[in-house]
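Data from structure29.cif: mmCIF, C-alpha atoms
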data_coords
#
loop_
_atom_site.label_atom_id
_atom_site.label_comp_id
_atom_site.auth_asym_id
_atom_site.auth_seq_id
_atom_site.Cartn_x
_atom_site.Cartn_y
_atom_site.Cartn_z
CA MET D 1119 -74.79 11.06 98.40
CA GLN D 1120 -76.42 7.99 99.99
CA THR D 1121 -77.98 7.10 96.65
CA LEU D 1122 -74.59 7.41 94.93
CA VAL D 1123 -72.96 5.18 97.57
CA ALA D 1124 -75.69 2.56 97.06
CA MET D 1125 -75.10 2.64 93.29
CA ILE D 1126 -71.36 2.17 93.77
CA ASP D 1127 -71.94 -0.76 96.15
CA ALA D 1128 -74.07 -2.42 93.48
CA ILE D 1129 -71.13 -2.56 91.07
CA ASP D 1130 -69.35 -5.92 91.04
CA GLU D 1131 -65.68 -5.77 92.06
CA VAL D 1132 -64.67 -8.56 89.67
CA GLU D 1133 -66.35 -9.50 86.40
CA VAL D 1134 -67.19 -13.19 86.35
CA PHE D 1135 -68.59 -14.55 83.12
CA GLY D 1136 -69.49 -17.70 81.23
CA ARG D 1137 -70.75 -18.56 77.75
CA VAL D 1138 -74.08 -19.50 76.18
CA ARG D 1139 -73.99 -23.26 75.49
CA THR D 1140 -77.47 -24.06 74.17
CA VAL D 1141 -80.83 -22.38 73.55
CA GLN D 1142 -84.01 -24.47 73.65
CA GLY D 1143 -87.19 -22.50 73.23
CA LEU D 1144 -86.83 -19.72 75.82
CA LEU D 1145 -84.41 -21.71 77.98
CA ILE D 1146 -80.76 -20.60 77.81
CA GLU D 1147 -78.07 -22.95 79.10
CA VAL D 1148 -74.94 -21.12 80.29
CA VAL D 1149 -71.54 -22.63 81.09
CA GLY D 1150 -69.64 -20.86 83.85
CA PRO D 1151 -67.82 -21.16 87.18
CA VAL D 1152 -69.92 -23.35 89.46
CA ARG D 1153 -69.25 -21.31 92.61
CA GLU D 1154 -70.91 -18.23 91.07
CA LEU D 1155 -74.11 -20.01 90.07
CA ARG D 1156 -77.13 -19.74 92.37
CA ILE D 1157 -80.89 -19.89 92.01
CA GLY D 1158 -82.29 -16.40 91.44
CA GLY D 1159 -78.91 -15.05 90.32
CA ARG D 1160 -78.85 -12.50 87.52
CA VAL D 1161 -77.00 -12.92 84.23
CA ALA D 1162 -76.29 -10.22 81.62
CA ILE D 1163 -75.94 -11.79 78.15
CA GLU D 1164 -74.12 -9.70 75.52
CA THR D 1165 -75.95 -10.23 72.21
CA THR D 1166 -74.59 -9.89 68.67
CA ASP D 1167 -76.33 -6.53 68.14
CA ASN D 1168 -74.33 -4.93 71.00
CA GLN D 1169 -77.26 -5.11 73.38
CA THR D 1170 -77.54 -6.70 76.83
CA LEU D 1171 -80.22 -9.27 77.59
CA ASN D 1172 -80.90 -9.79 81.28
CA ALA D 1173 -81.77 -13.29 82.46
CA GLU D 1174 -82.30 -15.14 85.73
CA ILE D 1175 -80.94 -18.51 86.81
CA ILE D 1176 -83.92 -20.76 87.50
CA GLY D 1177 -82.23 -24.17 87.71
CA PHE D 1178 -79.20 -26.35 86.97
CA ARG D 1179 -78.45 -29.29 84.70
CA ASP D 1180 -75.14 -31.19 84.54
CA GLY D 1181 -73.33 -28.33 86.29
CA HIS D 1182 -74.67 -25.72 83.87
CA ALA D 1183 -77.03 -22.83 84.64
CA LEU D 1184 -80.53 -22.85 83.16
CA CYS D 1185 -81.66 -19.26 82.55
CA LEU D 1186 -84.85 -17.59 81.39
CA PRO D 1187 -84.67 -14.14 79.73
CA PHE D 1188 -86.46 -10.95 80.73
CA GLY D 1189 -86.93 -10.09 77.05
CA PRO D 1190 -86.86 -11.49 73.50
CA LEU D 1191 -83.94 -13.68 72.43
CA THR D 1192 -83.04 -11.52 69.43
CA GLY D 1193 -79.27 -11.53 68.89
CA VAL D 1194 -78.46 -14.45 71.21
CA ARG D 1195 -76.12 -17.06 69.70
CA LEU D 1196 -73.91 -19.88 70.93
CA GLY D 1197 -70.83 -18.60 72.70
CA CYS D 1198 -72.31 -15.22 73.71
CA LYS D 1199 -70.66 -13.77 76.79
CA ALA D 1200 -72.82 -14.12 79.92
CA VAL D 1201 -71.76 -11.98 82.89
CA PHE D 1202 -72.85 -13.22 86.34
CA LYS D 1203 -74.04 -10.54 88.76
CA SER D 1204 -73.34 -10.83 92.48
CA HIS D 1205 -76.43 -8.76 93.38
CA ALA D 1206 -79.94 -10.18 93.11
CA GLY D 1207 -82.83 -8.06 91.87
CA SER D 1208 -83.65 -5.02 94.00
CA VAL D 1209 -85.07 -1.50 93.68
CA GLN D 1210 -84.52 1.76 95.59
CA PRO D 1211 -87.98 3.28 96.03
CA SER D 1212 -88.71 6.76 97.32
CA ASN D 1213 -91.75 9.02 97.70
CA ALA D 1214 -90.97 10.34 94.20
CA TRP D 1215 -92.45 7.08 92.85
CA LEU D 1216 -95.96 8.28 93.79
CA GLY D 1217 -98.01 9.26 90.78
CA ARG D 1218 -95.84 7.23 88.40
CA VAL D 1219 -96.30 4.22 86.13
CA VAL D 1220 -93.35 1.80 86.01
CA ASN D 1221 -92.52 -1.54 84.43
CA ALA D 1222 -91.43 -4.72 86.23
CA GLU D 1223 -87.84 -3.44 86.48
CA GLY D 1224 -88.94 -0.21 88.17
CA LYS D 1225 -88.26 1.93 85.08
CA PRO D 1226 -90.80 4.68 84.30
CA ILE D 1227 -93.00 4.12 81.25
CA ASP D 1228 -95.31 7.13 81.61
CA GLY D 1229 -93.14 9.62 79.70
CA LYS D 1230 -92.66 11.88 82.72
CA GLY D 1231 -88.89 11.50 82.91
CA PRO D 1232 -86.64 9.59 85.32
CA ILE D 1233 -87.63 8.78 88.92
CA LEU D 1234 -85.50 9.86 91.87
CA ASN D 1235 -84.41 6.70 93.68
CA GLY D 1236 -84.08 6.33 97.43
CA SER D 1237 -80.95 5.41 99.36
CA ASP D 1238 -81.97 1.95 100.64
CA PRO D 1239 -82.26 -1.05 98.30
CA TYR D 1240 -85.32 -3.27 98.75
CA PRO D 1241 -85.02 -6.89 97.49
CA LEU D 1242 -87.72 -7.99 95.07
CA LYS D 1243 -88.00 -11.38 96.75
CA GLN D 1244 -88.46 -10.44 100.37
CA THR D 1245 -89.22 -12.84 103.21
CA PRO D 1246 -92.62 -12.19 104.88
CA LEU D 1247 -92.57 -10.65 108.35
CA PRO D 1248 -92.46 -13.14 111.26
CA ALA D 1249 -96.01 -14.08 112.25
CA HIS D 1250 -95.41 -13.68 116.01
CA GLU D 1251 -94.09 -10.12 115.60
CA ARG D 1252 -96.98 -8.75 113.60
CA THR D 1253 -99.81 -6.71 115.01
CA ARG D 1254 -103.44 -7.75 114.59
CA VAL D 1255 -105.67 -6.36 111.85
CA GLY D 1256 -106.83 -2.84 112.59
CA ALA D 1257 -110.04 -0.86 112.32
CA PRO D 1258 -112.41 -1.10 109.33
CA ILE D 1259 -111.31 0.73 106.19
CA ASP D 1260 -113.81 2.87 104.31
CA MET D 1261 -113.55 1.53 100.73
CA GLY D 1262 -116.18 3.91 99.33
CA VAL D 1263 -118.21 1.05 97.76
CA ARG D 1264 -121.52 0.26 99.51
CA THR D 1265 -121.51 -3.47 98.82
CA LEU D 1266 -118.05 -4.00 100.28
CA ASN D 1267 -118.43 -1.56 103.17
CA THR D 1268 -121.59 -3.20 104.51
CA PHE D 1269 -121.53 -6.90 103.55
CA THR D 1270 -117.77 -7.65 103.28
CA THR D 1271 -116.21 -5.04 105.54
CA MET D 1272 -112.42 -4.91 105.22
CA CYS D 1273 -110.05 -4.09 108.07
CA ASP D 1274 -106.64 -2.47 108.03
CA GLY D 1275 -104.10 -5.17 107.13
CA GLN D 1276 -106.63 -7.68 105.80
CA ARG D 1277 -106.11 -9.61 102.53
CA MET D 1278 -109.11 -10.16 100.26
CA GLY D 1279 -109.56 -11.84 96.90
CA ILE D 1280 -111.83 -10.70 94.09
CA PHE D 1281 -112.91 -13.79 92.14
CA ALA D 1282 -114.45 -13.23 88.71
CA GLY D 1283 -114.40 -14.31 85.09
CA SER D 1284 -113.20 -12.08 82.27
CA GLY D 1285 -115.28 -9.02 81.43
CA VAL D 1286 -117.30 -8.97 84.66
CA GLY D 1287 -115.97 -5.62 85.94
CA LYS D 1288 -112.89 -6.35 88.07
CA SER D 1289 -110.85 -3.46 86.66
CA VAL D 1290 -113.65 -0.93 87.20
CA LEU D 1291 -114.13 -2.11 90.79
CA MET D 1292 -110.37 -1.82 91.39
CA SER D 1293 -110.36 1.75 90.07
CA MET D 1294 -113.25 2.68 92.37
CA LEU D 1295 -111.36 1.29 95.36
CA ALA D 1296 -108.11 3.03 94.37
CA ARG D 1297 -109.87 6.39 94.17
CA ASN D 1298 -112.19 6.07 97.17
CA ALA D 1299 -110.43 3.93 99.78
CA GLN D 1300 -109.37 5.86 102.89
CA VAL D 1301 -105.68 4.87 102.84
CA ASP D 1302 -102.40 6.75 102.50
CA VAL D 1303 -100.97 5.04 99.41
CA ALA D 1304 -102.25 2.66 96.74
CA VAL D 1305 -99.85 0.33 94.90
CA ILE D 1306 -101.48 -1.26 91.85
CA GLY D 1307 -99.96 -4.16 89.94
CA LEU D 1308 -101.34 -4.91 86.46
CA ILE D 1309 -99.94 -8.39 85.79
CA GLY D 1310 -100.31 -9.81 82.28
CA GLU D 1311 -102.76 -7.04 81.40
CA ARG D 1312 -103.91 -6.30 77.87
CA GLY D 1313 -101.72 -3.55 76.43
CA ARG D 1314 -104.74 -1.62 75.21
CA GLU D 1315 -106.28 -1.47 78.69
CA VAL D 1316 -103.28 -0.05 80.57
CA GLN D 1317 -103.68 3.52 79.32
CA GLU D 1318 -107.44 3.24 79.69
CA PHE D 1319 -107.12 2.13 83.32
CA VAL D 1320 -104.60 4.85 84.25
CA THR D 1321 -106.23 7.83 82.53
CA GLU D 1322 -109.94 7.01 82.58
CA TYR D 1323 -110.62 4.54 85.38
CA LEU D 1324 -107.99 5.71 87.89
CA GLY D 1325 -107.77 9.34 86.78
CA GLU D 1326 -105.39 12.09 87.81
CA VAL D 1327 -106.81 12.28 91.34
CA GLY D 1328 -106.45 8.55 91.97
CA LEU D 1329 -102.93 8.48 90.51
CA GLN D 1330 -101.57 11.19 92.81
CA GLN D 1331 -101.26 8.84 95.78
CA ALA D 1332 -100.64 5.67 93.80
CA VAL D 1333 -97.90 3.74 92.01
CA VAL D 1334 -98.86 1.56 89.05
CA VAL D 1335 -96.68 -1.42 88.07
CA VAL D 1336 -97.32 -2.78 84.58
CA ALA D 1337 -96.33 -6.01 82.82
CA THR D 1338 -98.43 -6.65 79.73
CA SER D 1339 -99.41 -10.09 78.45
CA ASP D 1340 -96.82 -10.07 75.65
CA GLU D 1341 -93.87 -9.70 78.04
CA ALA D 1342 -91.69 -12.58 79.18
CA ALA D 1343 -92.88 -14.81 82.03
CA LEU D 1344 -90.08 -13.50 84.30
CA MET D 1345 -91.21 -9.91 83.73
CA ARG D 1346 -94.82 -10.79 84.62
CA ARG D 1347 -93.72 -12.62 87.75
CA GLN D 1348 -91.32 -9.84 88.73
CA ALA D 1349 -94.07 -7.23 88.36
CA ALA D 1350 -95.96 -9.04 91.13
CA TYR D 1351 -92.84 -9.09 93.32
CA LEU D 1352 -92.23 -5.37 92.65
CA THR D 1353 -95.83 -4.53 93.62
CA LEU D 1354 -95.32 -6.11 97.06
CA THR D 1355 -91.82 -4.60 97.41
CA LEU D 1356 -93.13 -1.06 96.86
CA SER D 1357 -95.96 -1.77 99.31
CA GLU D 1358 -93.39 -2.88 101.90
CA TYR D 1359 -91.41 0.33 101.40
CA PHE D 1360 -94.40 2.57 102.08
CA ARG D 1361 -95.46 0.33 104.97
CA ASP D 1362 -92.04 0.85 106.55
CA GLN D 1363 -92.66 4.60 106.29
CA GLY D 1364 -95.59 4.09 108.68
CA LYS D 1365 -98.27 4.44 106.00
CA ARG D 1366 -101.47 2.49 105.46
CA VAL D 1367 -101.03 0.89 102.05
CA LEU D 1368 -103.67 -0.58 99.77
CA CYS D 1369 -101.95 -3.17 97.57
CA MET D 1370 -104.04 -4.24 94.58
CA MET D 1371 -103.01 -6.83 92.02
CA ASP D 1372 -104.77 -7.84 88.81
CA SER D 1373 -104.36 -10.73 88.60
CA LEU D 1374 -102.95 -13.56 90.70
CA THR D 1375 -103.98 -16.02 88.00
CA ARG D 1376 -101.58 -14.45 85.51
CA PHE D 1377 -98.83 -14.53 88.12
CA ALA D 1378 -99.54 -18.25 88.51
CA MET D 1379 -99.48 -18.70 84.73
CA ALA D 1380 -96.10 -16.99 84.54
CA GLN D 1381 -94.77 -19.28 87.28
CA ARG D 1382 -96.23 -22.25 85.40
CA GLU D 1383 -94.23 -21.27 82.28
CA ILE D 1384 -91.06 -21.00 84.36
CA GLY D 1385 -91.63 -24.31 86.13
CA LEU D 1386 -92.42 -26.26 82.98
CA ALA D 1387 -89.37 -24.76 81.22
CA ILE D 1388 -87.02 -26.45 83.70
CA GLY D 1389 -88.88 -29.76 83.58
CA GLU D 1390 -91.17 -29.65 86.63
CA PRO D 1391 -93.97 -32.21 86.49
CA PRO D 1392 -97.38 -30.66 85.71
CA THR D 1393 -100.09 -31.35 88.29
CA ALA D 1394 -103.57 -29.79 88.59
CA LYS D 1395 -104.50 -28.19 85.23
CA GLY D 1396 -100.86 -28.20 84.22
CA TYR D 1397 -99.66 -26.11 87.16
CA PRO D 1398 -96.37 -27.42 88.62
CA PRO D 1399 -95.82 -27.64 92.41
CA THR D 1400 -93.80 -24.39 92.59
CA VAL D 1401 -96.95 -22.40 91.73
CA PHE D 1402 -98.57 -23.51 94.97
CA THR D 1403 -95.43 -22.73 97.00
CA GLU D 1404 -94.93 -19.27 95.44
CA LEU D 1405 -98.52 -18.12 96.00
CA PRO D 1406 -98.37 -18.13 99.85
CA ARG D 1407 -94.87 -16.61 99.78
CA LEU D 1408 -96.23 -13.71 97.75
CA LEU D 1409 -99.51 -13.24 99.63
CA GLU D 1410 -98.00 -13.51 103.12
CA ARG D 1411 -95.92 -10.39 102.40
CA ALA D 1412 -99.16 -8.39 102.71
CA GLY D 1413 -100.92 -7.91 106.02
CA PRO D 1414 -100.38 -6.06 109.30
CA GLY D 1415 -96.91 -4.64 109.96
CA LEU D 1416 -94.72 -4.64 113.05
CA HIS D 1417 -95.51 -2.51 116.07
CA GLY D 1418 -94.95 1.13 115.14
CA SER D 1419 -95.03 0.57 111.37
CA GLY D 1420 -97.79 0.78 108.81
CA SER D 1421 -99.81 -2.00 107.19
CA ILE D 1422 -100.53 -3.52 103.80
CA THR D 1423 -104.18 -4.18 103.01
CA GLY D 1424 -104.25 -6.55 100.06
CA LEU D 1425 -106.84 -6.89 97.29
CA PHE D 1426 -105.94 -9.58 94.76
CA THR D 1427 -108.07 -10.50 91.78
CA VAL D 1428 -108.36 -14.09 90.59
CA LEU D 1429 -109.41 -14.68 86.99
CA VAL D 1430 -111.48 -17.85 87.27
CA GLU D 1431 -111.21 -19.83 84.03
CA GLY D 1432 -114.55 -20.70 82.48
CA ASP D 1433 -116.31 -19.07 85.48
CA ASP D 1434 -115.28 -22.12 87.51
CA HIS D 1435 -114.75 -20.81 91.04
CA ASN D 1436 -113.30 -24.15 92.17
CA GLU D 1437 -110.42 -24.28 89.67
CA PRO D 1438 -106.95 -24.93 91.26
CA ILE D 1439 -105.69 -21.34 91.60
CA ALA D 1440 -108.97 -19.99 93.00
CA ASP D 1441 -109.15 -22.91 95.43
CA ALA D 1442 -105.55 -22.39 96.61
CA VAL D 1443 -105.91 -18.62 97.04
CA ARG D 1444 -109.13 -18.94 99.08
CA GLY D 1445 -107.22 -21.01 101.63
CA ILE D 1446 -104.53 -18.33 102.07
CA ILE D 1447 -106.35 -15.01 102.18
CA ASP D 1448 -108.76 -13.53 104.74
CA GLY D 1449 -111.93 -13.46 102.70
CA HIS D 1450 -113.25 -13.43 99.17
CA ILE D 1451 -115.48 -11.24 97.01
CA VAL D 1452 -117.29 -13.20 94.28
CA MET D 1453 -118.36 -11.39 91.10
CA GLU D 1454 -120.76 -13.24 88.80
CA ARG D 1455 -121.46 -12.91 85.10
CA SER D 1456 -125.20 -13.47 85.55
CA ILE D 1457 -125.41 -10.38 87.79
CA ALA D 1458 -123.41 -8.29 85.31
CA GLU D 1459 -125.63 -9.46 82.45
CA ARG D 1460 -128.69 -7.99 84.13
CA GLY D 1461 -126.93 -4.62 84.44
CA ARG D 1462 -126.09 -4.44 88.12
CA TYR D 1463 -122.55 -3.20 88.80
CA PRO D 1464 -120.43 -3.96 90.72
CA ALA D 1465 -121.61 -7.50 90.00
CA VAL D 1466 -120.89 -8.83 93.52
CA ASN D 1467 -122.74 -11.89 94.76
CA VAL D 1468 -123.19 -10.91 98.41
CA LEU D 1469 -124.34 -14.35 99.52
CA ARG D 1470 -121.20 -16.07 98.18
CA SER D 1471 -118.80 -13.37 99.46
CA ILE D 1472 -117.33 -13.36 102.95
CA SER D 1473 -114.94 -11.32 105.07
CA ARG D 1474 -113.28 -13.31 107.84
CA THR D 1475 -113.03 -10.23 110.09
CA MET D 1476 -116.82 -9.97 110.29
CA PRO D 1477 -118.91 -9.66 112.37
CA GLY D 1478 -116.27 -8.46 114.85
CA CYS D 1479 -115.69 -5.21 112.95
CA VAL D 1480 -119.39 -4.39 112.54
CA PRO D 1481 -121.14 -2.22 115.18
CA VAL D 1482 -123.30 -4.31 117.50
CA SER D 1483 -126.34 -2.12 116.83
CA PHE D 1484 -126.17 -2.80 113.08
CA ARG D 1485 -125.64 -6.58 113.19
CA PRO D 1486 -129.39 -7.48 113.33
CA THR D 1487 -130.03 -5.29 110.26
CA LEU D 1488 -127.18 -6.92 108.34
CA GLN D 1489 -128.33 -10.40 109.31
CA LYS D 1490 -131.92 -9.64 108.29
CA ALA D 1491 -130.83 -8.22 104.92
CA ARG D 1492 -128.80 -11.36 104.18
CA GLU D 1493 -131.73 -13.53 105.25
CA LEU D 1494 -134.10 -11.74 102.88
CA MET D 1495 -131.65 -11.95 99.98
CA SER D 1496 -131.17 -15.65 100.66
CA THR D 1497 -134.92 -16.24 100.70
CA TYR D 1498 -135.34 -14.43 97.39
CA ALA D 1499 -132.43 -16.37 95.83
CA ASP D 1500 -134.00 -19.69 96.89
CA MET D 1501 -137.36 -18.79 95.32
CA GLU D 1502 -136.05 -16.77 92.35
CA GLU D 1503 -136.79 -19.38 89.69
CA LEU D 1504 -140.38 -19.82 90.85
CA ILE D 1505 -140.87 -16.04 91.11
CA ARG D 1506 -139.59 -15.42 87.57
CA LEU D 1507 -141.72 -18.23 86.16
CA GLY D 1508 -144.80 -16.86 87.93
CA ALA D 1509 -145.27 -20.09 89.85
CA TYR D 1510 -145.27 -18.40 93.25
CA ARG D 1511 -148.54 -17.02 94.54
CA LYS D 1512 -148.48 -13.94 96.69
CA GLY D 1513 -149.52 -14.64 100.26
CA SER D 1514 -148.28 -18.24 100.31
CA ASP D 1515 -145.36 -17.34 102.57
CA PRO D 1516 -145.02 -14.00 104.46
CA GLY D 1517 -141.21 -14.31 104.46
CA VAL D 1518 -141.08 -14.70 100.68
CA ASP D 1519 -143.52 -11.80 100.28
CA ARG D 1520 -141.20 -9.54 102.29
CA ALA D 1521 -138.20 -10.72 100.26
CA ILE D 1522 -139.99 -9.90 96.99
CA ALA D 1523 -141.04 -6.48 98.28
CA ILE D 1524 -137.57 -5.52 99.47
CA ASN D 1525 -135.62 -6.93 96.50
CA PRO D 1526 -135.81 -3.86 94.17
CA ALA D 1527 -134.55 -1.56 96.95
CA LEU D 1528 -131.72 -3.97 97.84
CA GLU D 1529 -130.70 -4.26 94.17
CA ALA D 1530 -130.58 -0.46 93.92
CA PHE D 1531 -128.50 -0.31 97.11
CA LEU D 1532 -126.00 -2.85 95.78
CA SER D 1533 -125.70 -1.03 92.45
CA GLN D 1534 -123.23 1.88 92.33
CA GLN D 1535 -121.91 4.11 89.57
CA ARG D 1536 -118.16 4.42 89.05
CA GLU D 1537 -118.18 8.10 90.11
CA GLU D 1538 -120.23 7.51 93.28
CA ARG D 1539 -118.79 7.22 96.77
CA THR D 1540 -120.59 6.05 99.91
CA SER D 1541 -119.02 5.96 103.36
CA ILE D 1542 -119.43 3.08 105.81
CA ALA D 1543 -121.72 5.12 108.08
CA ASP D 1544 -123.94 6.25 105.18
CA GLY D 1545 -124.16 2.67 103.92
CA TYR D 1546 -125.37 1.48 107.33
CA VAL D 1547 -128.04 4.19 107.44
CA MET D 1548 -129.26 3.43 103.90
CA LEU D 1549 -129.49 -0.33 104.46
CA GLN D 1550 -131.24 0.10 107.80
CA ALA D 1551 -133.85 2.36 106.20
CA ILE D 1552 -134.52 -0.20 103.47
CA VAL D 1553 -134.95 -3.08 105.93
CA GLU D 1554 -137.19 -1.05 108.29
CA LYS D 1555 -139.35 0.22 105.41
CA ALA D 1556 -140.03 -3.35 104.31
CA GLY D 1557 -141.25 -4.14 107.83
CA ALA D 1558 -138.67 -6.86 108.22
#

Once you've parsed the file, please lay out its structure as structure tokens.
Amino acid sequence: MQTLVAMIDAIDEVEVFGRVRTVQGLLIEVVGPVRELRIGGRVAIETTDNQTLNAEIIGFRDGHALCLPFGPLTGVRLGCKAVFKSHAGSVQPSNAWLGRVVNAEGKPIDGKGPILNGSDPYPLKQTPLPAHERTRVGAPIDMGVRTLNTFTTMCDGQRMGIFAGSGVGKSVLMSMLARNAQVDVAVIGLIGERGREVQEFVTEYLGEVGLQQAVVVVATSDEAALMRRQAAYLTLTLSEYFRDQGKRVLCMMDSLTRFAMAQREIGLAIGEPPTAKGYPPTVFTELPRLLERAGPGLHGSGSITGLFTVLVEGDDHNEPIADAVRGIIDGHIVMERSIAERGRYPAVNVLRSISRTMPGCVPVSFRPTLQKARELMSTYADMEELIRLGAYRKGSDPGVDRAIAINPALEAFLSQQREERTSIADGYVMLQAIVEKAGA
């Protein structure tokens, strides 16, 4: 009954409409009553083939509404009826969403039938929780991946970025975390993903076990910019719903770069000036608004631990989006092509990765071991060129000798198969044994 009441409340009492005036590229200009026009408002355009095309008001020009569509412009002509909606975008999530794959509008696309909605609507564009009312980050979370558990330990409510180029293994790492992380719910947003890879990720990488306690939101690369942006909003909205149920949520998004690209298309469509690499200013205002929605919850509620991938263009880790995201989140995991090319997966560069909650979340007894392991890896990295060229002579430096001796064992420790799982405690024991055996 509550769901039915919510559906009735969502129906507009009076139909207010305008007309399509011009269409330029993907931009639709609609004439209508000025008092009903607002940024973010929804418009339903009745096309000539008796279909409805949903659009969103993204700006104004000369008293007219500038709209971008959520789909192709097939059937749109001058004078088409455009009905203004009084309700902004929202969804009504419930626990029935677990184990399902949905699109950016919250509609199921997995062929398993309709999803039972909840009674309370959740806005897609939600304001982040007040900073002074939030709790602090919690205890370390067991992610099941040795590299992350030991060298970039994540805490409950922390936000981390995974920075990598294309084809370096981000999707595989995400699937490992979704299956192995010790959380209550995983919400996974595939933003601008290749259509071919969606089914592969859900069935092979994530698997039936990983999907049981997860919701997957999909917007492929061929969909409209608004759909790709809204998929990111929906991912955080679903995470907020489960957080409000008192659950520990792992929110994963692949990728923030494609969200930024979608926002770039929207900004340029309404005439925003392009700045760094063509990104308009709204990109750099929308990124913190999106990312700040993740994090610790209020007292008595759950938390959202965020993992957001950044697709660095041309393997340039200082490009504008990567640089902006690093300044917002609580740490970064750097994956490098050179490591992947030599066959070590996950291809994480430990020395360039950092978690801002460390070393506070690491046991005091293990900190010397962790510091020594990093020191040995750093020593080997500094001398790697000379070692590979054969220019270093054994015995010249005892520290370098130890680094060379321990390197194969450390590389094996950092390498992990997709089906493997290692707890935080086991990772500590394994690393300590390697360091002690090397006599370091």

Around range 1538-1548 of chain D, fit a box with edges along x, y and z, padding it by 6 Å on each side, then list its centre and edge lengths in Å to one decimal as AutoDock Vina command-line options.
--center_x -124.0 --center_y 4.5 --center_z 100.7 --size_x 22.5 --size_y 18.0 --size_z 26.8

Please report, as JSON lines, each residue of range 1437-1554 of chain D lying at most 12 Å from range 1398-1401 of chain D, together with the nearest pair of atoms and the separation in Å rounded to one decimal; use all atoms listed in the file, and order rows by chain and ascending residue number.
{"residue": "D:Pro1438", "atom": "CA", "partner": "D:Val1401", "partner_atom": "CA", "distance": 10.3}
{"residue": "D:Ile1439", "atom": "CA", "partner": "D:Val1401", "partner_atom": "CA", "distance": 8.8}
{"residue": "D:Ala1442", "atom": "CA", "partner": "D:Val1401", "partner_atom": "CA", "distance": 9.9}
{"residue": "D:Val1443", "atom": "CA", "partner": "D:Val1401", "partner_atom": "CA", "distance": 11.1}

- request: List the residues selected by the PyMOL selection byres ((chain D and resi 1322-1338) around 8) in the file shown, writing them as number ranges by chain.
  value: D: 1215-1222, 1224, 1290, 1293-1294, 1296-1297, 1302-1313, 1316-1321, 1339-1341, 1345-1346, 1349, 1352-1353

- prompt: What is the CA of Val1466 in chain D to CA of Arg1485 in chain D distance in Å?
  reply: 20.4 Å

message: For a quick check of understanding, using all atoms listed in the file, which of D:Asp1544, D:Thr1265, D:Ser1212, D:Cys1198 has the smallest distance to Arg1139 in chain D?
response: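 Checking each of D:Asp1544, D:Thr1265, D:Ser1212, D:Cys1198 against Arg1139 in chain D, counting all atoms listed in the file, the winner is D:Cys1198.
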
Just the residues within 10 Å of Arg1520 in chain D, please, counting only C-alpha atoms, with nothing from its chain fewer than 4 positions along; format it as a PDB file with C-alpha atoms, in the coordinates of the input.
ATOM      1  CA  LEU D1494    -134.100 -11.740 102.880  1.00  0.00           C
ATOM      2  CA  THR D1497    -134.920 -16.240 100.700  1.00  0.00           C
ATOM      3  CA  TYR D1498    -135.340 -14.430  97.390  1.00  0.00           C
ATOM      4  CA  GLY D1513    -149.520 -14.640 100.260  1.00  0.00           C
ATOM      5  CA  ASP D1515    -145.360 -17.340 102.570  1.00  0.00           C
ATOM      6  CA  PRO D1516    -145.020 -14.000 104.460  1.00  0.00           C
ATOM      7  CA  ILE D1524    -137.570  -5.520  99.470  1.00  0.00           C
ATOM      8  CA  ASN D1525    -135.620  -6.930  96.500  1.00  0.00           C
ATOM      9  CA  VAL D1553    -134.950  -3.080 105.930  1.00  0.00           C
ATOM     10  CA  ALA D1556    -140.030  -3.350 104.310  1.00  0.00           C
ATOM     11  CA  GLY D1557    -141.250  -4.140 107.830  1.00  0.00           C
ATOM     12  CA  ALA D1558    -138.670  -6.860 108.220  1.00  0.00           C
TER      13      ALA D1558
END

message: If we count only C-alpha atoms and set the cut-off at 12 Å, which residues sit around Glu1502 in chain D, ignoring sequence neighbours fewer than 5 positions away in its own chain? Please answer as a list in words.
response: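 Here the qualifying residues turn out to be Leu1494, Met1495, Ser1496, Thr1497, Leu1507, Gly1508, Ala1509, Tyr1510, Val1518, Asp1519, Ala1521, Ile1522 and Asn1525 of chain D.
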
field: Hits from the PyMOL selection byres ((chain D and resi 1210) around 8), listed as JSON, numbers by chain
entry: {"D": [1208, 1209, 1211, 1212, 1235, 1236, 1237, 1238, 1239, 1240]}

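Counting from CA of Pro1241 in chain D, the distance to CA of Met1272 in chain D is 28.5 Å.
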
message: So that I can check the surroundings of range 1474-1484 of chain D, please list as a count of residues only every protein, DNA and RNA residue that reaches within 9 Å of it, counting all atoms listed in the file and ignoring chain neighbours fewer than 5 positions away.
response: 16
